[in-house]
$ cat protein33.txt   # compact mmCIF, C-alpha atoms
# COMPACT_ATOMS: atom_id res chain seq x y z
CA MET A 1 -5.29 76.10 36.58
CA ASN A 2 -2.62 78.66 35.70
CA PHE A 3 -1.62 76.58 32.72
CA SER A 4 -5.24 76.33 31.64
CA LYS A 5 -5.69 80.10 31.93
CA ALA A 6 -2.52 80.72 29.98
CA LEU A 7 -3.71 78.33 27.30
CA ASN A 8 -7.02 80.20 27.15
CA ILE A 9 -5.24 83.48 26.60
CA LEU A 10 -2.91 81.95 24.00
CA LEU A 11 -5.76 80.37 22.04
CA ALA A 12 -7.84 83.54 22.16
CA ALA A 13 -4.88 85.57 20.96
CA ALA A 14 -4.19 83.12 18.13
CA LEU A 15 -7.83 83.28 17.08
CA LEU A 16 -7.74 87.07 16.98
CA VAL A 17 -4.54 87.08 14.93
CA VAL A 18 -5.89 84.57 12.41
CA VAL A 19 -9.22 86.38 12.04
CA GLY A 20 -7.36 89.67 11.80
CA ILE A 21 -5.05 88.47 9.03
CA TYR A 22 -7.73 86.91 6.90
CA SER A 23 -10.49 89.46 7.40
CA THR A 24 -8.42 91.98 5.39
CA ARG A 25 -8.41 89.67 2.36
CA GLY A 26 -10.40 90.85 -0.58
CA THR A 27 -11.78 93.94 1.09
CA THR A 28 -9.75 96.77 -0.35
CA ALA A 29 -12.07 97.69 -3.20
CA GLY A 30 -15.43 96.96 -1.63
CA ASP A 31 -17.14 99.96 -3.16
CA THR A 32 -16.29 98.93 -6.71
CA ARG A 33 -18.16 95.67 -6.22
CA ASN A 34 -21.16 96.97 -4.34
CA ASN A 35 -20.39 94.85 -1.27
CA ILE A 36 -21.40 91.70 -3.12
CA ALA A 37 -19.82 88.55 -1.73
CA MET A 38 -17.15 87.53 -4.21
CA SER A 39 -15.48 84.16 -4.46
CA ALA A 40 -12.51 83.66 -2.19
CA LYS A 41 -10.30 83.02 -5.19
CA THR A 42 -7.52 85.14 -6.63
CA ALA A 43 -7.75 86.82 -10.02
CA THR A 44 -5.45 84.18 -11.48
CA ASP A 45 -7.69 81.42 -10.16
CA ILE A 46 -10.72 83.11 -11.72
CA ILE A 47 -8.92 83.54 -15.06
CA HIS A 48 -8.40 79.76 -15.19
CA GLU A 49 -11.81 78.80 -13.81
CA ARG A 50 -13.82 80.97 -16.19
CA SER A 51 -15.61 78.94 -18.80
CA SER A 52 -18.43 79.57 -21.26
CA ILE A 53 -21.71 78.94 -19.39
CA ARG A 54 -24.67 78.47 -21.71
CA SER A 55 -27.44 77.35 -19.32
CA TYR A 56 -28.83 79.26 -16.32
CA THR A 57 -31.31 78.93 -13.49
CA ASP A 58 -34.39 81.18 -13.30
CA THR A 59 -32.94 83.27 -10.47
CA PRO A 60 -32.89 86.92 -11.52
CA LEU A 61 -29.79 89.04 -10.98
CA THR A 62 -29.81 91.99 -8.61
CA GLU A 63 -29.21 95.58 -9.67
CA GLU A 64 -25.93 95.41 -7.73
CA GLN A 65 -24.77 92.35 -9.66
CA LEU A 66 -25.63 93.94 -13.00
CA GLU A 67 -23.86 97.18 -12.09
CA THR A 68 -20.82 95.26 -10.86
CA LEU A 69 -20.55 93.55 -14.26
CA VAL A 70 -20.74 96.83 -16.13
CA ARG A 71 -18.29 98.53 -13.75
CA ALA A 72 -15.80 95.74 -14.45
CA GLY A 73 -16.22 96.36 -18.18
CA MET A 74 -15.55 100.08 -17.83
CA ALA A 75 -12.35 99.38 -15.88
CA ALA A 76 -10.68 97.95 -18.99
CA PRO A 77 -7.80 99.78 -20.63
CA SER A 78 -8.49 101.51 -23.94
CA ALA A 79 -6.21 102.91 -26.63
CA MET A 80 -5.44 106.57 -25.80
CA ASN A 81 -7.96 106.17 -22.95
CA LYS A 82 -10.83 106.85 -25.39
CA GLN A 83 -13.23 104.48 -23.56
CA PRO A 84 -15.15 104.04 -26.84
CA TRP A 85 -17.91 101.89 -25.40
CA GLN A 86 -21.50 101.62 -24.25
CA PHE A 87 -22.97 98.82 -22.14
CA ILE A 88 -26.63 97.91 -22.51
CA ILE A 89 -28.10 95.84 -19.71
CA VAL A 90 -31.02 93.78 -20.99
CA ASP A 91 -33.33 91.99 -18.57
CA ASP A 92 -36.53 92.50 -20.54
CA ARG A 93 -37.75 88.95 -21.22
CA GLU A 94 -39.14 89.80 -24.66
CA LYS A 95 -35.88 91.33 -25.82
CA LEU A 96 -33.79 88.45 -24.47
CA ASP A 97 -36.09 86.03 -26.28
CA ALA A 98 -35.89 88.11 -29.44
CA PHE A 99 -32.08 87.81 -29.41
CA GLY A 100 -32.33 84.06 -28.90
CA ASP A 101 -34.97 83.59 -31.60
CA ALA A 102 -33.18 85.68 -34.23
CA LEU A 103 -29.60 84.61 -33.57
CA GLN A 104 -28.66 80.94 -33.44
CA THR A 105 -25.29 81.91 -31.93
CA SER A 106 -27.02 83.72 -29.05
CA ARG A 107 -29.84 81.23 -28.51
CA MET A 108 -28.92 80.84 -24.82
CA ALA A 109 -30.20 84.40 -24.25
CA LYS A 110 -33.63 82.72 -24.06
CA LEU A 111 -32.48 80.86 -20.93
CA ALA A 112 -30.74 83.79 -19.26
CA PRO A 113 -32.27 86.25 -16.78
CA ALA A 114 -30.12 89.02 -18.25
CA ALA A 115 -27.51 89.90 -20.84
CA ILE A 116 -24.95 92.64 -21.26
CA ILE A 117 -24.66 93.95 -24.80
CA VAL A 118 -21.21 95.47 -25.19
CA CYS A 119 -21.14 98.12 -27.92
CA GLY A 120 -18.49 100.24 -29.59
CA ASP A 121 -19.18 103.98 -29.60
CA LEU A 122 -17.60 105.27 -32.80
CA SER A 123 -18.25 108.88 -31.76
CA LYS A 124 -15.61 108.37 -29.04
CA ALA A 125 -13.17 106.30 -31.12
CA GLY A 126 -10.09 107.74 -32.81
CA GLU A 127 -9.89 109.05 -36.38
CA GLY A 128 -8.76 107.14 -39.47
CA TRP A 129 -7.04 103.82 -38.81
CA LEU A 130 -7.00 104.57 -35.06
CA GLN A 131 -10.76 104.03 -35.08
CA GLN A 132 -10.15 100.28 -35.32
CA TYR A 133 -8.86 100.20 -31.73
CA TRP A 134 -12.43 100.18 -30.44
CA ILE A 135 -12.52 96.45 -31.24
CA GLN A 136 -9.53 95.74 -28.97
CA ASP A 137 -10.93 98.02 -26.24
CA VAL A 138 -14.38 96.43 -26.07
CA SER A 139 -12.79 92.97 -26.20
CA ALA A 140 -10.79 93.76 -23.05
CA ALA A 141 -13.96 95.15 -21.46
CA SER A 142 -15.85 91.96 -22.38
CA GLN A 143 -13.18 89.77 -20.81
CA ASN A 144 -13.43 91.83 -17.59
CA ILE A 145 -17.20 91.22 -17.55
CA LEU A 146 -16.75 87.45 -17.95
CA LEU A 147 -14.20 87.38 -15.12
CA ALA A 148 -16.35 89.52 -12.80
CA ALA A 149 -19.29 87.16 -13.47
CA THR A 150 -17.14 84.15 -12.56
CA ASP A 151 -15.95 85.98 -9.45
CA MET A 152 -19.58 86.48 -8.36
CA GLY A 153 -20.44 82.81 -8.90
CA LEU A 154 -22.36 83.64 -12.08
CA GLY A 155 -21.99 82.08 -15.49
CA ALA A 156 -21.72 83.95 -18.77
CA VAL A 157 -20.74 83.45 -22.39
CA TRP A 158 -19.37 85.83 -25.02
CA THR A 159 -21.61 85.41 -28.10
CA SER A 160 -20.26 87.44 -30.94
CA VAL A 161 -22.21 89.96 -33.02
CA TYR A 162 -19.53 92.09 -34.72
CA PRO A 163 -18.37 91.81 -37.50
CA ALA A 164 -21.31 89.72 -38.81
CA PRO A 165 -23.51 92.27 -40.67
CA GLU A 166 -26.78 90.36 -40.25
CA ARG A 167 -26.26 89.87 -36.52
CA MET A 168 -25.40 93.53 -36.08
CA GLU A 169 -28.58 94.51 -37.91
CA VAL A 170 -30.73 92.28 -35.70
CA VAL A 171 -29.29 93.62 -32.44
CA SER A 172 -29.38 97.24 -33.59
CA GLY A 173 -33.02 96.75 -34.52
CA ILE A 174 -34.06 95.16 -31.22
CA LEU A 175 -32.27 97.81 -29.15
CA GLY A 176 -32.90 100.82 -31.42
CA LEU A 177 -29.21 101.67 -31.67
CA PRO A 178 -28.13 104.80 -33.55
CA GLU A 179 -25.61 104.61 -36.41
CA HIS A 180 -22.51 105.35 -34.31
CA ILE A 181 -23.21 102.57 -31.79
CA VAL A 182 -21.91 99.19 -33.01
CA PRO A 183 -23.25 96.12 -31.21
CA PHE A 184 -20.15 94.04 -30.49
CA ASN A 185 -21.38 91.02 -28.58
CA ILE A 186 -24.19 89.65 -26.40
CA ILE A 187 -23.12 88.27 -23.01
CA PRO A 188 -26.00 86.24 -21.49
CA VAL A 189 -25.46 85.90 -17.75
CA GLY A 190 -27.13 84.15 -14.83
CA TYR A 191 -26.60 81.56 -12.14
CA PRO A 192 -25.08 78.49 -13.83
CA ASP A 193 -27.41 75.54 -14.29
CA GLY A 194 -25.01 72.63 -13.89
CA GLU A 195 -21.32 72.20 -13.27
CA ALA A 196 -18.76 74.43 -14.98
CA ARG A 197 -16.03 72.60 -16.86
CA PRO A 198 -13.12 74.93 -17.50
CA MET A 199 -10.87 73.80 -20.35
CA ASP A 200 -7.13 73.46 -19.92
CA LYS A 201 -5.86 75.29 -22.99
CA TRP A 202 -2.20 75.37 -22.01
CA LYS A 203 -0.03 74.49 -25.01
CA PRO A 204 3.71 74.87 -24.56
CA GLU A 205 4.09 75.04 -28.34
CA ASN A 206 2.23 78.37 -28.25
CA VAL A 207 5.12 79.99 -26.36
CA ARG A 208 8.42 81.11 -27.88
CA ARG A 209 11.42 82.81 -26.33
CA ASN A 210 13.08 85.94 -27.71
CA GLY A 211 12.07 85.22 -31.29
CA TRP A 212 10.37 82.79 -33.60
CA GLU A 213 13.16 80.22 -33.97
CA MET B 1 -11.72 74.62 36.19
CA ASN B 2 -14.37 72.86 34.17
CA PHE B 3 -15.41 76.17 32.68
CA SER B 4 -11.81 76.95 31.84
CA LYS B 5 -11.34 73.58 30.16
CA ALA B 6 -14.53 74.01 28.21
CA LEU B 7 -13.34 77.44 27.11
CA ASN B 8 -10.04 75.91 26.02
CA ILE B 9 -11.81 73.37 23.90
CA LEU B 10 -14.14 76.00 22.46
CA LEU B 11 -11.31 78.35 21.55
CA ALA B 12 -9.23 75.57 20.06
CA ALA B 13 -12.20 74.45 17.98
CA ALA B 14 -12.89 78.01 16.82
CA LEU B 15 -9.26 78.43 15.82
CA LEU B 16 -9.35 75.22 13.79
CA VAL B 17 -12.56 76.25 12.05
CA VAL B 18 -11.24 79.71 11.17
CA VAL B 19 -7.91 78.37 9.92
CA GLY B 20 -9.79 75.67 8.03
CA ILE B 21 -12.12 78.11 6.32
CA TYR B 22 -9.46 80.57 5.29
CA SER B 23 -6.72 78.16 4.33
CA THR B 24 -8.87 77.03 1.39
CA ARG B 25 -9.00 80.57 0.02
CA GLY B 26 -7.13 81.11 -3.18
CA THR B 27 -5.67 77.62 -3.30
CA THR B 28 -7.88 75.77 -5.74
CA ALA B 29 -5.85 76.47 -8.83
CA GLY B 30 -2.37 76.45 -7.36
CA ASP B 31 -0.84 74.54 -10.23
CA THR B 32 -1.99 77.08 -12.82
CA ARG B 33 -0.03 79.79 -11.05
CA ASN B 34 3.10 77.84 -10.28
CA ASN B 35 2.70 78.31 -6.52
CA ILE B 36 3.61 81.99 -6.82
CA ALA B 37 2.23 84.12 -3.99
CA MET B 38 -0.64 86.10 -5.44
CA SER B 39 -2.26 89.17 -3.94
CA ALA B 40 -4.99 88.50 -1.41
CA LYS B 41 -7.45 90.40 -3.57
CA THR B 42 -10.40 89.08 -5.54
CA ALA B 43 -10.55 89.13 -9.32
CA THR B 44 -12.93 92.08 -9.18
CA ASP B 45 -10.50 94.02 -6.99
CA ILE B 46 -7.70 93.29 -9.44
CA ILE B 47 -9.84 94.37 -12.41
CA HIS B 48 -10.27 97.78 -10.75
CA GLU B 49 -6.71 98.09 -9.46
CA ARG B 50 -5.02 97.29 -12.75
CA SER B 51 -3.46 100.34 -14.34
CA SER B 52 -0.93 100.96 -17.09
CA ILE B 53 2.54 100.75 -15.50
CA ARG B 54 5.26 102.30 -17.64
CA SER B 55 8.28 102.29 -15.30
CA TYR B 56 9.93 99.27 -13.66
CA THR B 57 12.70 98.33 -11.25
CA ASP B 58 15.72 96.32 -12.41
CA THR B 59 14.52 93.15 -10.71
CA PRO B 60 14.26 90.36 -13.29
CA LEU B 61 11.19 88.14 -13.45
CA THR B 62 11.40 84.44 -12.69
CA GLU B 63 10.59 81.70 -15.18
CA GLU B 64 7.53 80.90 -13.05
CA GLN B 65 6.26 84.46 -13.27
CA LEU B 66 6.73 84.58 -17.03
CA GLU B 67 4.99 81.25 -17.51
CA THR B 68 2.13 82.31 -15.24
CA LEU B 69 1.55 85.38 -17.44
CA VAL B 70 1.47 83.30 -20.60
CA ARG B 71 -0.75 80.66 -19.01
CA ALA B 72 -3.25 83.39 -18.12
CA GLY B 73 -3.22 84.55 -21.74
CA MET B 74 -3.95 81.07 -23.03
CA ALA B 75 -6.92 80.71 -20.66
CA ALA B 76 -8.86 83.35 -22.61
CA PRO B 77 -11.95 82.39 -24.58
CA SER B 78 -11.65 82.37 -28.37
CA ALA B 79 -14.21 82.27 -31.14
CA MET B 80 -14.99 78.64 -31.99
CA ASN B 81 -12.17 77.75 -29.55
CA LYS B 82 -9.60 78.33 -32.31
CA GLN B 83 -6.96 79.67 -29.87
CA PRO B 84 -5.38 81.59 -32.77
CA TRP B 85 -2.43 82.94 -30.81
CA GLN B 86 1.26 82.73 -30.03
CA PHE B 87 3.01 84.32 -27.06
CA ILE B 88 6.62 85.39 -27.36
CA ILE B 89 8.44 86.00 -24.09
CA VAL B 90 11.26 88.48 -24.59
CA ASP B 91 13.85 89.05 -21.88
CA ASP B 92 16.81 89.57 -24.18
CA ARG B 93 18.05 93.08 -23.31
CA GLU B 94 19.05 93.91 -26.89
CA LYS B 95 15.64 92.98 -28.26
CA LEU B 96 13.78 94.89 -25.54
CA ASP B 97 15.92 97.93 -26.27
CA ALA B 98 15.36 97.49 -30.01
CA PHE B 99 11.58 97.66 -29.46
CA GLY B 100 11.96 100.78 -27.33
CA ASP B 101 14.31 102.48 -29.79
CA ALA B 102 12.23 101.76 -32.87
CA LEU B 103 8.75 102.33 -31.43
CA GLN B 104 7.94 105.52 -29.55
CA THR B 105 4.72 103.89 -28.30
CA SER B 106 6.68 100.99 -26.76
CA ARG B 107 9.62 103.06 -25.45
CA MET B 108 9.09 101.71 -21.89
CA ALA B 109 10.33 98.31 -23.15
CA LYS B 110 13.81 99.79 -22.57
CA LEU B 111 13.03 100.02 -18.84
CA ALA B 112 11.40 96.60 -18.52
CA PRO B 113 13.13 93.32 -17.58
CA ALA B 114 10.77 91.46 -19.93
CA ALA B 115 7.88 91.77 -22.34
CA ILE B 116 5.23 89.46 -23.69
CA ILE B 117 4.54 89.90 -27.38
CA VAL B 118 1.03 88.63 -28.06
CA CYS B 119 0.60 87.50 -31.66
CA GLY B 120 -2.25 86.32 -33.85
CA ASP B 121 -1.66 83.00 -35.60
CA LEU B 122 -3.60 83.25 -38.87
CA SER B 123 -2.94 79.59 -39.64
CA LYS B 124 -5.26 78.74 -36.73
CA ALA B 125 -7.86 81.47 -37.37
CA GLY B 126 -11.15 80.88 -39.20
CA GLU B 127 -11.75 81.30 -42.93
CA GLY B 128 -13.13 84.39 -44.68
CA TRP B 129 -14.69 87.00 -42.43
CA LEU B 130 -14.36 84.64 -39.45
CA GLN B 131 -10.62 85.22 -39.61
CA GLN B 132 -11.15 88.66 -38.05
CA TYR B 133 -12.05 87.07 -34.71
CA TRP B 134 -8.37 86.59 -33.92
CA ILE B 135 -8.28 90.29 -32.95
CA GLN B 136 -10.98 89.81 -30.32
CA ASP B 137 -9.38 86.59 -29.07
CA VAL B 138 -5.88 88.00 -28.58
CA SER B 139 -7.39 91.11 -26.95
CA ALA B 140 -9.07 88.93 -24.31
CA ALA B 141 -5.78 87.05 -23.85
CA SER B 142 -3.93 90.36 -23.43
CA GLN B 143 -6.36 91.53 -20.77
CA ASN B 144 -5.82 88.24 -18.88
CA ILE B 145 -2.06 88.86 -18.95
CA LEU B 146 -2.46 92.38 -17.55
CA LEU B 147 -4.70 91.10 -14.75
CA ALA B 148 -2.36 88.21 -13.88
CA ALA B 149 0.55 90.68 -13.73
CA THR B 150 -1.42 92.89 -11.32
CA ASP B 151 -2.33 89.82 -9.29
CA MET B 152 1.39 88.98 -8.91
CA GLY B 153 2.26 92.52 -7.83
CA LEU B 154 3.83 93.26 -11.21
CA GLY B 155 3.15 96.19 -13.50
CA ALA B 156 2.50 96.00 -17.22
CA VAL B 157 1.15 98.07 -20.08
CA TRP B 158 -0.54 97.11 -23.36
CA THR B 159 1.36 98.91 -26.12
CA SER B 160 -0.31 98.36 -29.43
CA VAL B 161 1.35 97.11 -32.60
CA TYR B 162 -1.54 95.92 -34.81
CA PRO B 163 -2.97 97.40 -37.01
CA ALA B 164 -0.15 99.94 -37.53
CA PRO B 165 1.78 98.55 -40.56
CA GLU B 166 5.13 100.16 -39.68
CA ARG B 167 5.02 98.88 -36.08
CA MET B 168 4.11 95.40 -37.26
CA GLU B 169 7.05 95.43 -39.67
CA VAL B 170 9.47 96.48 -36.91
CA VAL B 171 8.35 93.78 -34.49
CA SER B 172 8.23 91.07 -37.15
CA GLY B 173 11.76 92.03 -38.13
CA ILE B 174 13.19 91.97 -34.59
CA LEU B 175 11.55 88.63 -33.77
CA GLY B 176 11.86 87.00 -37.20
CA LEU B 177 8.15 86.25 -37.44
CA PRO B 178 6.80 84.28 -40.41
CA GLU B 179 4.00 85.68 -42.59
CA HIS B 180 1.13 84.00 -40.74
CA ILE B 181 2.15 85.34 -37.32
CA VAL B 182 0.81 88.87 -36.76
CA PRO B 183 2.41 90.83 -33.90
CA PHE B 184 -0.54 92.28 -32.00
CA ASN B 185 0.95 94.14 -29.06
CA ILE B 186 4.00 94.44 -26.81
CA ILE B 187 3.33 94.11 -23.08
CA PRO B 188 6.40 95.31 -21.12
CA VAL B 189 6.26 93.91 -17.59
CA GLY B 190 8.28 94.19 -14.38
CA TYR B 191 8.09 95.26 -10.77
CA PRO B 192 6.47 98.72 -10.72
CA ASP B 193 8.82 101.63 -10.03
CA GLY B 194 6.54 103.97 -8.10
CA GLU B 195 2.96 104.01 -6.98
CA ALA B 196 0.17 102.71 -9.25
CA ARG B 197 -2.67 105.12 -9.79
CA PRO B 198 -5.71 103.26 -11.11
CA MET B 199 -8.21 105.50 -12.89
CA ASP B 200 -11.88 105.51 -11.97
CA LYS B 201 -13.52 105.24 -15.38
CA TRP B 202 -17.06 104.62 -14.16
CA LYS B 203 -19.49 106.73 -16.19
CA PRO B 204 -23.20 106.09 -15.59
CA GLU B 205 -23.95 107.65 -18.97
CA ASN B 206 -22.17 104.67 -20.59
CA VAL B 207 -24.90 102.30 -19.36
CA ARG B 208 -28.36 101.92 -20.87
CA ARG B 209 -31.21 99.62 -19.95
CA ASN B 210 -33.10 97.42 -22.40
CA GLY B 211 -32.44 99.70 -25.36
CA TRP B 212 -30.93 102.96 -26.48
CA GLU B 213 -33.67 105.35 -25.35
$ encode --input "protein33.txt" --output "structure tokens"
Amino acid sequence: MNFSKALNILLAAALLVVVGIYSTRGTTAGDTRNNIAMSAKTATDIIHERSSIRSYTDTPLTEEQLETLVRAGMAAPSAMNKQPWQFIIVDDREKLDAFGDALQTSRMAKLAPAAIIVCGDLSKAGEGWLQQYWIQDVSAASQNILLAATDMGLGAVWTSVYPAPERMEVVSGILGLPEHIVPFNIIPVGYPDGEARPMDKWKPENVRRNGWE
Amino acid sequence: MNFSKALNILLAAALLVVVGIYSTRGTTAGDTRNNIAMSAKTATDIIHERSSIRSYTDTPLTEEQLETLVRAGMAAPSAMNKQPWQFIIVDDREKLDAFGDALQTSRMAKLAPAAIIVCGDLSKAGEGWLQQYWIQDVSAASQNILLAATDMGLGAVWTSVYPAPERMEVVSGILGLPEHIVPFNIIPVGYPDGEARPMDKWKPENVRRNGWE
């Protein structure tokens, strides 16, 4: 009886400790992700599990999911902290279909409930040759969006627009972009339809140590 | 007595369930991160907690940490899956100091135990205007490296080399790079010396819905 009581107390204590330890995982930045349930995986897991998802279910995304994607984009580093970007959330069916119809490379926009169009804002970019950094900055922002989508159990794909002049013209036309806003890519996003198959792209020959030779 | 036994069994079962649930967290891609202990945060947390770290302790990085950084870089998406990159790990003190002495923008390399130099490999890039995609591809790879560093409790900063001709010449000289390898940035990395202060860069005015207006 005493042993049984002691065991009760021990088990209850162990349960509290285990719940206590694990309940702090992944909760430190709750406000930046709108309290959406994220995967239980680490950032490094997500980096390796991300893959290009080109087919989606009909399920629409919530406002919170869409904002979480864009917030992740804006958290990217940028040269001289210029943040030379604009993010256009598109969930208008006609516009998504228009992207897919006009651009073979973005045809999966027709299947997606939404897309993020990442744009460079040249009015915020540097002068002269420094202006070119906007391309690096919006690329980092785009990668953040893909990783945040994976983290939320969504699937997305980076379909490029810049620097193809005809694609840029199409997207600028559909969205009514002013001159200083450069459409960089279209990222269709939704719940994956089918299994993701991340590629293993590890190639030891792509690593060198302390120099070329 | 019966109640106490039943409680024992219930508590033991609950403990097993809780341990079972949580022990699967963050373990699905263990081999891609060399069994290094990662932060208990989600990818979205890490995206928001990453900041540019410019000062480091003397503690050297392990081979596993360096490889994990480079593996994260290689997991990035690339246009037409060209993977047009090379990653040069530098932990030679003289070379790190040479970067810091020659390049004001990379001066923190003198404080860092290591740096990853992300390079474009033009021999693997596309033809004609498609060649320009290497810039977007290595930018995504660089962002992955910064996030993996944050995930490991390390600090890093993206210091740009491309497209500044004089910086590119310096880095190519120090590393002995051939013509087709373009040094893109220098990412000094180490254990942070001091507190990280992530910036909140959320700006609602940088988001539009379904078009510019």
$ closest_residue --input "protein33.txt" --among "A:Glu195, A:Glu64, A:Glu166, A:Asp45" --to "chain B" --atoms "all atoms listed in the file"
A:Asp45
$ residues_around --input "protein33.txt" --residues "B:Arg93" --least-positions-apart "2" --cutoff "8 Å" --atoms "only C-alpha atoms" --output "list of chain:residue names"
B:Asp91, B:Lys95, B:Leu96, B:Asp97, B:Lys110, B:Pro113
$ write_last_selection --input "protein33.txt" --atoms "C-alpha atoms" --output "PDB file, in the coordinates of the input"
ATOM      1  CA  ASP B  91      13.850  89.050 -21.880  1.00  0.00           C
ATOM      2  CA  LYS B  95      15.640  92.980 -28.260  1.00  0.00           C
ATOM      3  CA  LEU B  96      13.780  94.890 -25.540  1.00  0.00           C
ATOM      4  CA  ASP B  97      15.920  97.930 -26.270  1.00  0.00           C
ATOM      5  CA  LYS B 110      13.810  99.790 -22.570  1.00  0.00           C
ATOM      6  CA  PRO B 113      13.130  93.320 -17.580  1.00  0.00           C
TER       7      PRO B 113
END
$ closest_residue --input "protein33.txt" --among "A:Ile36, A:Ala43, A:Leu147, A:Val161" --to "chain B" --atoms "all atoms listed in the file"
A:Ala43
$ atom_distance --input "protein33.txt" --atom1 "atom CA of A:Trp202" --atom2 "atom CA of B:Ser139"
17.3 Å
$ closest_residue --input "protein33.txt" --among "A:Ala109, A:Ala156, A:Ala102, A:Val207" --to "chain B" --atoms "all atoms listed in the file"
A:Val207
$ atom_distance --input "protein33.txt" --atom1 "atom CA of B:Gly153" --atom2 "atom CA of B:Pro77"
24.2 Å
$ decode --input "protein33.txt" --residues "stretch 148-208 of chain B" --atoms "C-alpha atoms" --output "PDB file, in the first residue's frame"
ATOM      1  CA  ALA B 148      20.947  26.201 -39.704  1.00  0.00           C
ATOM      2  CA  ALA B 149      23.557  28.209 -37.773  1.00  0.00           C
ATOM      3  CA  THR B 150      20.809  29.797 -35.648  1.00  0.00           C
ATOM      4  CA  ASP B 151      19.275  26.363 -35.132  1.00  0.00           C
ATOM      5  CA  MET B 152      22.608  25.086 -33.757  1.00  0.00           C
ATOM      6  CA  GLY B 153      22.969  28.039 -31.385  1.00  0.00           C
ATOM      7  CA  LEU B 154      25.650  29.589 -33.584  1.00  0.00           C
ATOM      8  CA  GLY B 155      25.811  33.122 -34.929  1.00  0.00           C
ATOM      9  CA  ALA B 156      26.559  34.111 -38.497  1.00  0.00           C
ATOM     10  CA  VAL B 157      26.321  37.054 -40.853  1.00  0.00           C
ATOM     11  CA  TRP B 158      25.954  37.287 -44.643  1.00  0.00           C
ATOM     12  CA  THR B 159      28.702  39.636 -45.846  1.00  0.00           C
ATOM     13  CA  SER B 160      28.364  40.258 -49.523  1.00  0.00           C
ATOM     14  CA  VAL B 161      31.082  39.848 -52.126  1.00  0.00           C
ATOM     15  CA  TYR B 162      29.224  39.661 -55.468  1.00  0.00           C
ATOM     16  CA  PRO B 163      28.667  41.860 -57.446  1.00  0.00           C
ATOM     17  CA  ALA B 164      31.449  44.145 -56.118  1.00  0.00           C
ATOM     18  CA  PRO B 165      34.364  43.540 -58.545  1.00  0.00           C
ATOM     19  CA  GLU B 166      37.144  44.473 -56.087  1.00  0.00           C
ATOM     20  CA  ARG B 167      35.749  42.194 -53.354  1.00  0.00           C
ATOM     21  CA  MET B 168      35.382  39.330 -55.809  1.00  0.00           C
ATOM     22  CA  GLU B 169      38.997  39.779 -56.888  1.00  0.00           C
ATOM     23  CA  VAL B 170      40.227  39.721 -53.271  1.00  0.00           C
ATOM     24  CA  VAL B 171      38.351  36.543 -52.380  1.00  0.00           C
ATOM     25  CA  SER B 172      39.256  34.775 -55.617  1.00  0.00           C
ATOM     26  CA  GLY B 173      42.879  35.630 -54.937  1.00  0.00           C
ATOM     27  CA  ILE B 174      42.921  34.373 -51.333  1.00  0.00           C
ATOM     28  CA  LEU B 175      41.149  31.124 -52.235  1.00  0.00           C
ATOM     29  CA  GLY B 176      42.712  30.567 -55.664  1.00  0.00           C
ATOM     30  CA  LEU B 177      39.361  30.294 -57.409  1.00  0.00           C
ATOM     31  CA  PRO B 178      39.222  29.444 -61.120  1.00  0.00           C
ATOM     32  CA  GLU B 179      37.384  31.694 -63.589  1.00  0.00           C
ATOM     33  CA  HIS B 180      34.071  29.839 -63.493  1.00  0.00           C
ATOM     34  CA  ILE B 181      33.745  29.997 -59.696  1.00  0.00           C
ATOM     35  CA  VAL B 182      32.238  33.312 -58.562  1.00  0.00           C
ATOM     36  CA  PRO B 183      32.654  34.164 -54.868  1.00  0.00           C
ATOM     37  CA  PHE B 184      29.187  35.272 -53.776  1.00  0.00           C
ATOM     38  CA  ASN B 185      29.477  36.017 -50.074  1.00  0.00           C
ATOM     39  CA  ILE B 186      31.489  35.329 -46.922  1.00  0.00           C
ATOM     40  CA  ILE B 187      29.504  33.973 -43.969  1.00  0.00           C
ATOM     41  CA  PRO B 188      31.627  34.218 -40.790  1.00  0.00           C
ATOM     42  CA  VAL B 189      30.233  31.853 -38.159  1.00  0.00           C
ATOM     43  CA  GLY B 190      30.932  30.968 -34.530  1.00  0.00           C
ATOM     44  CA  TYR B 191      29.423  30.932 -31.076  1.00  0.00           C
ATOM     45  CA  PRO B 192      27.847  34.364 -30.519  1.00  0.00           C
ATOM     46  CA  ASP B 193      29.728  36.683 -28.175  1.00  0.00           C
ATOM     47  CA  GLY B 194      26.867  38.568 -26.541  1.00  0.00           C
ATOM     48  CA  GLU B 195      23.123  38.622 -26.795  1.00  0.00           C
ATOM     49  CA  ALA B 196      21.379  38.341 -30.189  1.00  0.00           C
ATOM     50  CA  ARG B 197      18.890  41.079 -30.907  1.00  0.00           C
ATOM     51  CA  PRO B 198      16.573  40.006 -33.720  1.00  0.00           C
ATOM     52  CA  MET B 199      14.859  42.913 -35.464  1.00  0.00           C
ATOM     53  CA  ASP B 200      11.108  43.019 -35.946  1.00  0.00           C
ATOM     54  CA  LYS B 201      10.828  43.940 -39.613  1.00  0.00           C
ATOM     55  CA  TRP B 202       7.095  43.341 -39.970  1.00  0.00           C
ATOM     56  CA  LYS B 203       5.541  46.189 -41.959  1.00  0.00           C
ATOM     57  CA  PRO B 204       1.883  45.771 -42.933  1.00  0.00           C
ATOM     58  CA  GLU B 205       2.395  48.332 -45.695  1.00  0.00           C
ATOM     59  CA  ASN B 206       4.685  45.812 -47.426  1.00  0.00           C
ATOM     60  CA  VAL B 207       1.736  43.468 -48.039  1.00  0.00           C
ATOM     61  CA  ARG B 208      -0.930  43.896 -50.711  1.00  0.00           C
TER      62      ARG B 208
END
